[in-house]
Structures are given as C-alpha cells and as structure tokens.
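Accompanying notes for the structure given below.
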Amino acid sequence: MAGPTGHGGSLGAALNDLLRAQITPRHRLSSYNANHWHAQLSQLTGTHRGYQALEEAGLDVTVKTLLNWLSDPEYNVRRSYRDLIHTAYENVAFFPAEPIPDRFKSGDFEISGRVTTGRDRRQRGTRAAAPLRIDGRSGDWSEIEALWRVGELTDDDFEDHFVDDVIVEDIGEGTDGWTFDGGSYSVELR
C-alpha cells in the first residue's frame with residue numbers, strides 16, 4: 001500500500017509538498033493586516049493574547065497612557081513605543097508551525113527522480129532502477145526542524161539539509177556526494 005507522496009520540480013520541493021500535506025506550516029493569520037500603529041494596538045488590546053504579546057514585547061505604560069493612545073489615532077507616540085506595538089502585532093499575527101511528527105522523521109522515504117552520485121546517474125523509481133530508499137530514523141532533523149518552526153524551510157534548504165543530515169547519515173556520502181539535478185521528483189513516505 002502506498003503512503004503519502006509529495007511531488008515537485010526538485011527534491012526539496014517534493015519533500016516540502018509531502019511535509020505540508022501532513023502538518024500545518026507557520027503562517028500569517030488573515031485577520032492581522034493592519035499597518036498603522038493605532039489599528040495594530042486596537043486589535044492587540046481586544047484579546048488576552050494581544051495584551052500578553054504587548055507585555056512580552058516590553059511595552060510598559062500606564063493604563064491612562066494606553067487609553068489616551070487608543071482614544072486618538074493621531075496621538076504622538078514615540079517611535080520606540082510604535083516599534084514595540086509593531087513587534088507585538090507581528091508576534092501575534094503568525095500561527096506557529098505544527099512540530100514535525102515522529103512518524104515523518106522515522107519514516108522510510110522512497111525517492112523517485114534523477115539521482116547522481118559520482119558517475120552513477122539514474123532515473124530512480126522506474127522499472128530499470130528502484131526508488132532511492134532512505135531511513136529517516138538515522139537522520140539528524142534538528143536543522144530542518146529549526147527552519148520549519150520559524151517558517152523559513154525553503155525547498156533549497158530542505159534539500160540541502162535532507163541530503164547532508166538524513167541521506168548521508170543513513171547510507172553515506174556516496175561516490176562524490178549526492179546530486180538531485182532532475183526536473184521532477186516524488187517522495188513517498190512509508
């Protein structure tokens with residue numbers, strides 16, 4: 001029985017497609033689109049989470065000052081305070097990424113597409129050559145997880161770290177490293 005499969009124009013794109021089908025990445029909440037400090041402050045003070053974000057950002061003003069700011073969008077607020085409001089707003093505006101599940105990190109990955117190591121260049125996942133099978137349990141997922149958590153796991157980064165930290169840890173460096181220089185990949189998780 002086939003497992004979940006990701007597809008893409010590069011190995012990193014296929015891996016990202018596979019992961020994003022399993023869990024939710026870090027993303028901006030659509031309701032947080034205010035640009036002006038007053039609109040941001042108004043939205044923040046409407047929720048407990050917003051007040052907490054203001055406190056965590058370091059905004060320390062009296063209730064009277066806060067009420068003055070909220071009552072007048074043209075109030076002359078110092079730039080340092082506007083920066084703290086903006087920081088708090090951005091911190092609340094993003095929904096955190098779900099952690100990469102253990103079933104993903106400990107899965108067996110079957111990679112289909114062009115794979116090169118040294119002079120050995122094959123189209124894997126065909127009748128002529130089986131998919132490249134990688135055991136995720138052997139890998140070091142810490143860099144991939146760190147980039148995922150902050151929403152910066154690009155296709156290129158995913159591919160680079162997957163090769164260096166998962167493939168090499170599982171089956172070694174290969175003849176001259178591993179290159180995935182094809183234009184279409186699929187990665188099945190088993």
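Simple scheme: letters A, B, ... for chains in structure tokens order, numbers from 1 for residues in each chain, numbers from 1 for ligands in the order shown.
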(Q) Using only C-alpha atoms, which protein or nucleic acid residues come within 12 Å of Thr47 of chain A? Drop anything in the same chain fewer than 6 positions from it, and give the result as a list in words. (A) Gln40, Leu41, Ala53, Leu54, Tyr89 and Val92 of chain A
How would the residues just chosen look if you wrote them out with all heavy atoms as a PDB file, in the first residue's frame?
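Just written: part.pdb:
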```
ATOM      1  N   GLN A  40      -3.134  48.526  14.919  1.00  0.00           N
ATOM      2  CA  GLN A  40      -2.480  47.359  15.498  1.00  0.00           C
ATOM      3  C   GLN A  40      -2.727  47.295  17.001  1.00  0.00           C
ATOM      4  O   GLN A  40      -3.078  46.240  17.542  1.00  0.00           O
ATOM      5  CB  GLN A  40      -0.976  47.393  15.207  1.00  0.00           C
ATOM      6  CG  GLN A  40      -0.645  47.189  13.753  1.00  0.00           C
ATOM      7  CD  GLN A  40       0.841  47.303  13.457  1.00  0.00           C
ATOM      8  OE1 GLN A  40       1.636  47.731  14.296  1.00  0.00           O
ATOM      9  NE2 GLN A  40       1.219  46.926  12.243  1.00  0.00           N
ATOM     10  N   LEU A  41      -2.572  48.433  17.685  1.00  0.00           N
ATOM     11  CA  LEU A  41      -2.791  48.479  19.127  1.00  0.00           C
ATOM     12  C   LEU A  41      -4.249  48.164  19.464  1.00  0.00           C
ATOM     13  O   LEU A  41      -4.528  47.419  20.407  1.00  0.00           O
ATOM     14  CB  LEU A  41      -2.395  49.854  19.685  1.00  0.00           C
ATOM     15  CG  LEU A  41      -2.520  50.025  21.206  1.00  0.00           C
ATOM     16  CD1 LEU A  41      -1.598  49.054  21.933  1.00  0.00           C
ATOM     17  CD2 LEU A  41      -2.196  51.462  21.597  1.00  0.00           C
ATOM     18  N   ALA A  53       1.162  39.644  24.347  1.00  0.00           N
ATOM     19  CA  ALA A  53       2.204  39.944  23.357  1.00  0.00           C
ATOM     20  C   ALA A  53       2.805  41.326  23.603  1.00  0.00           C
ATOM     21  O   ALA A  53       4.013  41.519  23.457  1.00  0.00           O
ATOM     22  CB  ALA A  53       1.640  39.843  21.943  1.00  0.00           C
ATOM     23  N   LEU A  54       1.972  42.289  23.955  1.00  0.00           N
ATOM     24  CA  LEU A  54       2.475  43.634  24.268  1.00  0.00           C
ATOM     25  C   LEU A  54       3.414  43.584  25.465  1.00  0.00           C
ATOM     26  O   LEU A  54       4.480  44.213  25.464  1.00  0.00           O
ATOM     27  CB  LEU A  54       1.315  44.595  24.542  1.00  0.00           C
ATOM     28  CG  LEU A  54       0.512  45.041  23.325  1.00  0.00           C
ATOM     29  CD1 LEU A  54      -0.792  45.702  23.756  1.00  0.00           C
ATOM     30  CD2 LEU A  54       1.343  45.969  22.447  1.00  0.00           C
ATOM     31  N   TYR A  89       2.468  42.960  17.510  1.00  0.00           N
ATOM     32  CA  TYR A  89       1.474  42.651  16.478  1.00  0.00           C
ATOM     33  C   TYR A  89       1.977  41.527  15.575  1.00  0.00           C
ATOM     34  O   TYR A  89       1.251  40.582  15.271  1.00  0.00           O
ATOM     35  CB  TYR A  89       1.185  43.909  15.663  1.00  0.00           C
ATOM     36  CG  TYR A  89       0.004  43.776  14.738  1.00  0.00           C
ATOM     37  CD1 TYR A  89      -1.295  43.889  15.228  1.00  0.00           C
ATOM     38  CD2 TYR A  89       0.174  43.562  13.382  1.00  0.00           C
ATOM     39  CE1 TYR A  89      -2.392  43.774  14.377  1.00  0.00           C
ATOM     40  CE2 TYR A  89      -0.901  43.448  12.534  1.00  0.00           C
ATOM     41  CZ  TYR A  89      -2.192  43.559  13.043  1.00  0.00           C
ATOM     42  OH  TYR A  89      -3.264  43.431  12.201  1.00  0.00           O
ATOM     43  N   VAL A  92       1.871  38.111  17.235  1.00  0.00           N
ATOM     44  CA  VAL A  92       0.530  37.534  17.340  1.00  0.00           C
ATOM     45  C   VAL A  92      -0.024  37.181  15.957  1.00  0.00           C
ATOM     46  O   VAL A  92      -0.838  36.279  15.819  1.00  0.00           O
ATOM     47  CB  VAL A  92      -0.415  38.528  18.063  1.00  0.00           C
ATOM     48  CG1 VAL A  92      -1.855  38.061  18.021  1.00  0.00           C
ATOM     49  CG2 VAL A  92       0.026  38.711  19.503  1.00  0.00           C
TER      50      VAL A  92
END
```
Q: Would you kindly return, as an MDAnalysis selection string, each protein, DNA or RNA residue with an atom no farther than 6 Å from any atom of segment 159-167 of chain A, considering only C-alpha atoms and excluding same-chain residues fewer than 6 positions away?
A: chainID A and resid 11:12 139:140
Q.
Would you pick out the contacts of segment 94-96 of chain A at 10 Å or less, using only C-alpha atoms, so that residues sharing its chain but fewer than 2 positions from it are not included, and give the list as a VMD selection string?
A. chain A and resid 24 to 30 32 89 to 92 98 to 99 148 to 151
Can you write out the residues you just picked, keeping N, CA, C and O atoms, as a PDB file, in the first residue's frame?
```
ATOM      1  N   THR A  24       0.486  21.569   9.374  1.00  0.00           N
ATOM      2  CA  THR A  24       0.313  22.971   9.004  1.00  0.00           C
ATOM      3  C   THR A  24       1.601  23.755   9.254  1.00  0.00           C
ATOM      4  O   THR A  24       2.132  23.741  10.365  1.00  0.00           O
ATOM      5  N   PRO A  25       2.092  24.476   8.247  1.00  0.00           N
ATOM      6  CA  PRO A  25       3.289  25.298   8.439  1.00  0.00           C
ATOM      7  C   PRO A  25       2.967  26.602   9.182  1.00  0.00           C
ATOM      8  O   PRO A  25       1.797  26.963   9.355  1.00  0.00           O
ATOM      9  N   ARG A  26       3.987  27.301   9.603  1.00  0.00           N
ATOM     10  CA  ARG A  26       3.817  28.628  10.190  1.00  0.00           C
ATOM     11  C   ARG A  26       3.201  29.522   9.118  1.00  0.00           C
ATOM     12  O   ARG A  26       3.638  29.510   7.969  1.00  0.00           O
ATOM     13  N   HIS A  27       2.179  30.275   9.501  1.00  0.00           N
ATOM     14  CA  HIS A  27       1.543  31.137   8.505  1.00  0.00           C
ATOM     15  C   HIS A  27       0.910  32.346   9.180  1.00  0.00           C
ATOM     16  O   HIS A  27       0.594  32.322  10.362  1.00  0.00           O
ATOM     17  N   ARG A  28       0.752  33.377   8.402  1.00  0.00           N
ATOM     18  CA  ARG A  28       0.152  34.616   8.887  1.00  0.00           C
ATOM     19  C   ARG A  28      -1.366  34.470   8.923  1.00  0.00           C
ATOM     20  O   ARG A  28      -1.971  33.988   7.970  1.00  0.00           O
ATOM     21  N   LEU A  29      -1.967  34.892  10.021  1.00  0.00           N
ATOM     22  CA  LEU A  29      -3.414  34.871  10.142  1.00  0.00           C
ATOM     23  C   LEU A  29      -3.993  35.989   9.287  1.00  0.00           C
ATOM     24  O   LEU A  29      -3.517  37.125   9.329  1.00  0.00           O
ATOM     25  N   SER A  30      -5.013  35.688   8.520  1.00  0.00           N
ATOM     26  CA  SER A  30      -5.558  36.651   7.572  1.00  0.00           C
ATOM     27  C   SER A  30      -6.174  37.875   8.247  1.00  0.00           C
ATOM     28  O   SER A  30      -6.258  38.943   7.644  1.00  0.00           O
ATOM     29  N   TYR A  32      -4.915  39.612  10.574  1.00  0.00           N
ATOM     30  CA  TYR A  32      -3.877  40.548  11.026  1.00  0.00           C
ATOM     31  C   TYR A  32      -3.247  41.226   9.822  1.00  0.00           C
ATOM     32  O   TYR A  32      -2.235  40.796   9.296  1.00  0.00           O
ATOM     33  N   TYR A  89       2.468  42.960  17.510  1.00  0.00           N
ATOM     34  CA  TYR A  89       1.474  42.651  16.478  1.00  0.00           C
ATOM     35  C   TYR A  89       1.977  41.527  15.575  1.00  0.00           C
ATOM     36  O   TYR A  89       1.251  40.582  15.271  1.00  0.00           O
ATOM     37  N   GLU A  90       3.209  41.627  15.141  1.00  0.00           N
ATOM     38  CA  GLU A  90       3.781  40.595  14.272  1.00  0.00           C
ATOM     39  C   GLU A  90       3.891  39.259  14.997  1.00  0.00           C
ATOM     40  O   GLU A  90       3.706  38.204  14.397  1.00  0.00           O
ATOM     41  N   ASN A  91       4.194  39.297  16.286  1.00  0.00           N
ATOM     42  CA  ASN A  91       4.292  38.049  17.052  1.00  0.00           C
ATOM     43  C   ASN A  91       2.941  37.348  17.155  1.00  0.00           C
ATOM     44  O   ASN A  91       2.868  36.123  17.167  1.00  0.00           O
ATOM     45  N   VAL A  92       1.871  38.111  17.235  1.00  0.00           N
ATOM     46  CA  VAL A  92       0.530  37.534  17.340  1.00  0.00           C
ATOM     47  C   VAL A  92      -0.024  37.181  15.957  1.00  0.00           C
ATOM     48  O   VAL A  92      -0.838  36.279  15.819  1.00  0.00           O
ATOM     49  N   GLU A  98       3.109  23.521  13.191  1.00  0.00           N
ATOM     50  CA  GLU A  98       2.989  22.289  13.963  1.00  0.00           C
ATOM     51  C   GLU A  98       4.361  21.611  13.948  1.00  0.00           C
ATOM     52  O   GLU A  98       5.090  21.695  12.957  1.00  0.00           O
ATOM     53  N   PRO A  99       4.733  20.933  15.024  1.00  0.00           N
ATOM     54  CA  PRO A  99       6.023  20.229  15.029  1.00  0.00           C
ATOM     55  C   PRO A  99       6.036  19.093  14.006  1.00  0.00           C
ATOM     56  O   PRO A  99       4.993  18.493  13.721  1.00  0.00           O
ATOM     57  N   TRP A 148      11.832  24.929   9.880  1.00  0.00           N
ATOM     58  CA  TRP A 148      10.384  24.719   9.766  1.00  0.00           C
ATOM     59  C   TRP A 148       9.641  25.560  10.805  1.00  0.00           C
ATOM     60  O   TRP A 148       8.649  26.212  10.497  1.00  0.00           O
ATOM     61  N   ARG A 149      10.123  25.537  12.053  1.00  0.00           N
ATOM     62  CA  ARG A 149       9.439  26.258  13.138  1.00  0.00           C
ATOM     63  C   ARG A 149       9.317  27.746  12.859  1.00  0.00           C
ATOM     64  O   ARG A 149       8.314  28.359  13.199  1.00  0.00           O
ATOM     65  N   VAL A 150      10.340  28.343  12.254  1.00  0.00           N
ATOM     66  CA  VAL A 150      10.307  29.789  12.006  1.00  0.00           C
ATOM     67  C   VAL A 150       9.772  30.133  10.616  1.00  0.00           C
ATOM     68  O   VAL A 150       9.773  31.289  10.214  1.00  0.00           O
ATOM     69  N   GLY A 151       9.313  29.134   9.885  1.00  0.00           N
ATOM     70  CA  GLY A 151       8.712  29.377   8.579  1.00  0.00           C
ATOM     71  C   GLY A 151       9.702  29.688   7.485  1.00  0.00           C
ATOM     72  O   GLY A 151       9.357  30.343   6.495  1.00  0.00           O
TER      73      GLY A 151
END
```
Q: Pick out each residue of segment 41-158 of chain A that DSSP on the backbone tags as strand (DSSP E); I need them as a ChimeraX atom specification.
A: /A:94-95,108-117,120-124,132-135
Based on the selection just made, write N, CA and C atoms of those residues as a PDB file, in the first residue's frame.
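Okay, result.pdb is ready:
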```pdb
ATOM      1  N   PHE A  94       1.186  35.623  13.511  1.00  0.00           N
ATOM      2  CA  PHE A  94       1.588  34.356  12.921  1.00  0.00           C
ATOM      3  C   PHE A  94       1.129  33.179  13.762  1.00  0.00           C
ATOM      4  N   PHE A  95       0.585  32.194  13.073  1.00  0.00           N
ATOM      5  CA  PHE A  95       0.198  30.940  13.700  1.00  0.00           C
ATOM      6  C   PHE A  95       1.432  30.045  13.653  1.00  0.00           C
ATOM      7  N   ASP A 108      10.370   5.742   6.259  1.00  0.00           N
ATOM      8  CA  ASP A 108      11.227   5.361   5.139  1.00  0.00           C
ATOM      9  C   ASP A 108      10.789   6.198   3.945  1.00  0.00           C
ATOM     10  N   PHE A 109      11.745   6.865   3.315  1.00  0.00           N
ATOM     11  CA  PHE A 109      11.473   7.739   2.188  1.00  0.00           C
ATOM     12  C   PHE A 109      11.905   7.032   0.899  1.00  0.00           C
ATOM     13  N   GLU A 110      10.992   6.982  -0.071  1.00  0.00           N
ATOM     14  CA  GLU A 110      11.319   6.419  -1.378  1.00  0.00           C
ATOM     15  C   GLU A 110      11.323   7.558  -2.387  1.00  0.00           C
ATOM     16  N   ILE A 111      12.505   7.846  -2.909  1.00  0.00           N
ATOM     17  CA  ILE A 111      12.704   8.998  -3.788  1.00  0.00           C
ATOM     18  C   ILE A 111      12.763   8.533  -5.236  1.00  0.00           C
ATOM     19  N   SER A 112      11.888   9.106  -6.055  1.00  0.00           N
ATOM     20  CA  SER A 112      11.885   8.829  -7.492  1.00  0.00           C
ATOM     21  C   SER A 112      12.249  10.105  -8.228  1.00  0.00           C
ATOM     22  N   GLY A 113      13.124   9.983  -9.210  1.00  0.00           N
ATOM     23  CA  GLY A 113      13.627  11.122  -9.975  1.00  0.00           C
ATOM     24  C   GLY A 113      15.099  10.892 -10.265  1.00  0.00           C
ATOM     25  N   ARG A 114      15.731  11.827 -10.943  1.00  0.00           N
ATOM     26  CA  ARG A 114      17.140  11.655 -11.302  1.00  0.00           C
ATOM     27  C   ARG A 114      18.039  11.828 -10.081  1.00  0.00           C
ATOM     28  N   VAL A 115      18.874  10.805  -9.846  1.00  0.00           N
ATOM     29  CA  VAL A 115      19.794  10.793  -8.710  1.00  0.00           C
ATOM     30  C   VAL A 115      21.194  10.524  -9.241  1.00  0.00           C
ATOM     31  N   THR A 116      22.134  11.350  -8.815  1.00  0.00           N
ATOM     32  CA  THR A 116      23.521  11.209  -9.259  1.00  0.00           C
ATOM     33  C   THR A 116      24.441  11.130  -8.057  1.00  0.00           C
ATOM     34  N   THR A 117      25.344  10.146  -8.094  1.00  0.00           N
ATOM     35  CA  THR A 117      26.458  10.092  -7.154  1.00  0.00           C
ATOM     36  C   THR A 117      27.670   9.622  -7.948  1.00  0.00           C
ATOM     37  N   ASP A 120      27.564   7.578 -11.383  1.00  0.00           N
ATOM     38  CA  ASP A 120      26.304   6.829 -11.398  1.00  0.00           C
ATOM     39  C   ASP A 120      25.139   7.817 -11.418  1.00  0.00           C
ATOM     40  N   ARG A 121      24.505   7.908 -12.575  1.00  0.00           N
ATOM     41  CA  ARG A 121      23.376   8.828 -12.746  1.00  0.00           C
ATOM     42  C   ARG A 121      22.201   8.007 -13.271  1.00  0.00           C
ATOM     43  N   ARG A 122      21.131   7.967 -12.439  1.00  0.00           N
ATOM     44  CA  ARG A 122      19.988   7.132 -12.801  1.00  0.00           C
ATOM     45  C   ARG A 122      18.677   7.855 -12.552  1.00  0.00           C
ATOM     46  N   GLN A 123      17.706   7.474 -13.358  1.00  0.00           N
ATOM     47  CA  GLN A 123      16.326   7.889 -13.119  1.00  0.00           C
ATOM     48  C   GLN A 123      15.756   6.836 -12.178  1.00  0.00           C
ATOM     49  N   ARG A 124      15.608   7.197 -10.901  1.00  0.00           N
ATOM     50  CA  ARG A 124      15.141   6.242  -9.898  1.00  0.00           C
ATOM     51  C   ARG A 124      13.623   6.173  -9.907  1.00  0.00           C
ATOM     52  N   LEU A 132      15.239   5.459  -4.634  1.00  0.00           N
ATOM     53  CA  LEU A 132      16.276   5.571  -3.614  1.00  0.00           C
ATOM     54  C   LEU A 132      15.574   5.493  -2.265  1.00  0.00           C
ATOM     55  N   ARG A 133      15.926   4.514  -1.452  1.00  0.00           N
ATOM     56  CA  ARG A 133      15.258   4.316  -0.158  1.00  0.00           C
ATOM     57  C   ARG A 133      16.135   4.853   0.964  1.00  0.00           C
ATOM     58  N   ILE A 134      15.550   5.741   1.759  1.00  0.00           N
ATOM     59  CA  ILE A 134      16.262   6.377   2.857  1.00  0.00           C
ATOM     60  C   ILE A 134      15.506   6.137   4.153  1.00  0.00           C
ATOM     61  N   ASP A 135      16.216   5.727   5.188  1.00  0.00           N
ATOM     62  CA  ASP A 135      15.639   5.524   6.512  1.00  0.00           C
ATOM     63  C   ASP A 135      15.778   6.816   7.304  1.00  0.00           C
TER      64      ASP A 135
END
```
Q: Figure out the distance between atom CA of Ser186 of chain A and atom CA of Gly6 of chain A, please, to one decimal in Å.
A: 5.5 Å
Q. Atom CA of Gly46 of chain A and atom CA of Arg79 of chain A are how many Å apart?
A.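 Atom CA of Gly46 of chain A sits 22.2 Å away from atom CA of Arg79 of chain A.
When only C-alpha atoms are used to compute distances to Ala97 of chain A, the closest of the residues A:Asp155, A:Asp181, A:Glu145, A:Asp176 turns out to be A:Glu145.
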Q: Identify, with DSSP run on backbone atoms, the residues in segment 1-180 of chain A assigned to helix (DSSP H, G or I), and express the list as number ranges by chain.
A: A: 11-22, 37-44, 48-57, 63-71, 79-93, 102-105, 136-138, 142-149, 155-171
Q. Suppose you want the space between atom CA of Glu55 of chain A and atom CA of Thr87 of chain A; what is it in Å?
A.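 It comes out at 10.8 Å.
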